[in-house]
Amino acid sequence: MLTEFGLGDRVEMRKKHACGGNEWVITRTGADIRIRCAKCGRSVMLDRGDFMRAAKKRLAAAETEQAAGAEVNERNEENDG
Ligand SMILES: [Zn+2]
């Protein structure tokens, strides 16, 4: 069950899509939720309640146009021997 989500969020659904992908992007919110399969690009429209039940969890925020400026730096651990 997923209760907090927003436009552009990446979510994982309980059920895999027919294409095998399990990552979706929310492209529309409101009474109905539209999600797009990140793998094959297919869009699916779901009732808000259905979506919340079918969604498993929200994935880490992706690089979206709106998230400009938020840079993720990977840190390498260095051991000084
Ligand atoms: Zn798909």
# chains A, B, ... in the order shown; residues from 1 in each chain; ligands from 1
call {"tool": "residues_around", "arguments": {"residues": "Asp47 of chain A", "least_positions_apart": "5", "cutoff": "7 Å", "atoms": "only C-alpha atoms", "output": "list of chain:residue names"}}
result
A:Ala31, A:Asp32, A:Ile33
call {"tool": "write_last_selection", "arguments": {"atoms": "N, CA and C atoms", "output": "PDB file, in the first residue's frame"}}
result
ATOM      1  N   ALA A  31      -8.054  11.936  -9.345  1.00  0.00           N
ATOM      2  CA  ALA A  31      -8.981  10.860  -8.988  1.00  0.00           C
ATOM      3  C   ALA A  31      -8.498   9.570  -9.614  1.00  0.00           C
ATOM      4  N   ASP A  32      -7.906   9.709 -10.782  1.00  0.00           N
ATOM      5  CA  ASP A  32      -7.294   8.559 -11.443  1.00  0.00           C
ATOM      6  C   ASP A  32      -5.799   8.783 -11.513  1.00  0.00           C
ATOM      7  N   ILE A  33      -5.083   7.719 -11.415  1.00  0.00           N
ATOM      8  CA  ILE A  33      -3.629   7.799 -11.479  1.00  0.00           C
ATOM      9  C   ILE A  33      -3.154   7.150 -12.766  1.00  0.00           C
TER      10      ILE A  33
END
call {"tool": "residues_around", "arguments": {"residues": "Met1 of chain A", "least_positions_apart": "5", "cutoff": "12 Å", "atoms": "only C-alpha atoms", "output": "list in words"}}
result
Val11, Glu12, Met13, Arg14, Arg48, Gly49, Asp50, Phe51, Met52, Arg53, Ala54, Ala55, Lys56, Lys57 and Arg58 of chain A
call {"tool": "atom_distance", "arguments": {"atom1": "atom CA of Ala18 of chain A", "atom2": "atom CA of Ile35 of chain A"}}
result
14.3 Å
call {"tool": "residues_around", "arguments": {"residues": "Cys40 of chain A", "least_positions_apart": "5", "cutoff": "12 Å", "atoms": "only C-alpha atoms", "output": "ChimeraX atom specification"}}
result
/A:17-25,35
call {"tool": "write_last_selection", "arguments": {"atoms": "N, CA and C atoms", "output": "PDB file, in the first residue's frame"}}
result
ATOM      1  N   HIS A  17       4.751  -5.952 -14.707  1.00  0.00           N
ATOM      2  CA  HIS A  17       4.044  -5.692 -15.955  1.00  0.00           C
ATOM      3  C   HIS A  17       4.272  -6.880 -16.896  1.00  0.00           C
ATOM      4  N   ALA A  18       3.455  -6.968 -17.905  1.00  0.00           N
ATOM      5  CA  ALA A  18       3.562  -8.075 -18.857  1.00  0.00           C
ATOM      6  C   ALA A  18       4.942  -8.120 -19.512  1.00  0.00           C
ATOM      7  N   CYS A  19       5.568  -6.952 -19.622  1.00  0.00           N
ATOM      8  CA  CYS A  19       6.877  -6.893 -20.288  1.00  0.00           C
ATOM      9  C   CYS A  19       7.998  -7.332 -19.345  1.00  0.00           C
ATOM     10  N   GLY A  20       7.666  -7.532 -18.079  1.00  0.00           N
ATOM     11  CA  GLY A  20       8.686  -7.947 -17.126  1.00  0.00           C
ATOM     12  C   GLY A  20       9.225  -6.798 -16.297  1.00  0.00           C
ATOM     13  N   GLY A  21       8.855  -5.597 -16.679  1.00  0.00           N
ATOM     14  CA  GLY A  21       9.320  -4.432 -15.934  1.00  0.00           C
ATOM     15  C   GLY A  21       8.544  -4.276 -14.640  1.00  0.00           C
ATOM     16  N   ASN A  22       9.195  -3.697 -13.665  1.00  0.00           N
ATOM     17  CA  ASN A  22       8.513  -3.516 -12.385  1.00  0.00           C
ATOM     18  C   ASN A  22       8.701  -2.105 -11.858  1.00  0.00           C
ATOM     19  N   GLU A  23       9.036  -1.225 -12.755  1.00  0.00           N
ATOM     20  CA  GLU A  23       9.260   0.151 -12.350  1.00  0.00           C
ATOM     21  C   GLU A  23       8.343   1.050 -13.164  1.00  0.00           C
ATOM     22  N   TRP A  24       7.611   1.905 -12.470  1.00  0.00           N
ATOM     23  CA  TRP A  24       6.652   2.767 -13.138  1.00  0.00           C
ATOM     24  C   TRP A  24       6.869   4.212 -12.751  1.00  0.00           C
ATOM     25  N   VAL A  25       6.466   5.080 -13.631  1.00  0.00           N
ATOM     26  CA  VAL A  25       6.568   6.509 -13.361  1.00  0.00           C
ATOM     27  C   VAL A  25       5.167   7.095 -13.360  1.00  0.00           C
ATOM     28  N   ILE A  35       0.109   5.735 -14.733  1.00  0.00           N
ATOM     29  CA  ILE A  35       1.504   5.369 -14.570  1.00  0.00           C
ATOM     30  C   ILE A  35       2.042   4.842 -15.890  1.00  0.00           C
TER      31      ILE A  35
END
call {"tool": "closest_residue", "arguments": {"among": "A:Gly30, A:Val44, A:Lys39, A:Leu59", "to": "Asp9 of chain A", "atoms": "only C-alpha atoms"}}
result
A:Leu59
call {"tool": "closest_residue", "arguments": {"among": "A:Leu2, A:Ser43, A:Ala60, A:Arg10", "to": "ligand 1", "atoms": "only C-alpha atoms and all ligand atoms"}}
result
A:Ser43
call {"tool": "atom_distance", "arguments": {"atom1": "atom CA of Arg42 of chain A", "atom2": "atom 1 (Zn, counted along the ligand's line) of ligand 1"}}
result
5.8 Å
call {"tool": "atom_distance", "arguments": {"atom1": "atom 1 (Zn, counted along the ligand's line) of ligand 1", "atom2": "atom CA of Thr3 of chain A"}}
result
22.7 Å
call {"tool": "closest_residue", "arguments": {"among": "A:Arg28, A:Lys16, A:Met45, A:Glu4", "to": "ligand 1", "atoms": "only C-alpha atoms and all ligand atoms"}}
result
A:Lys16
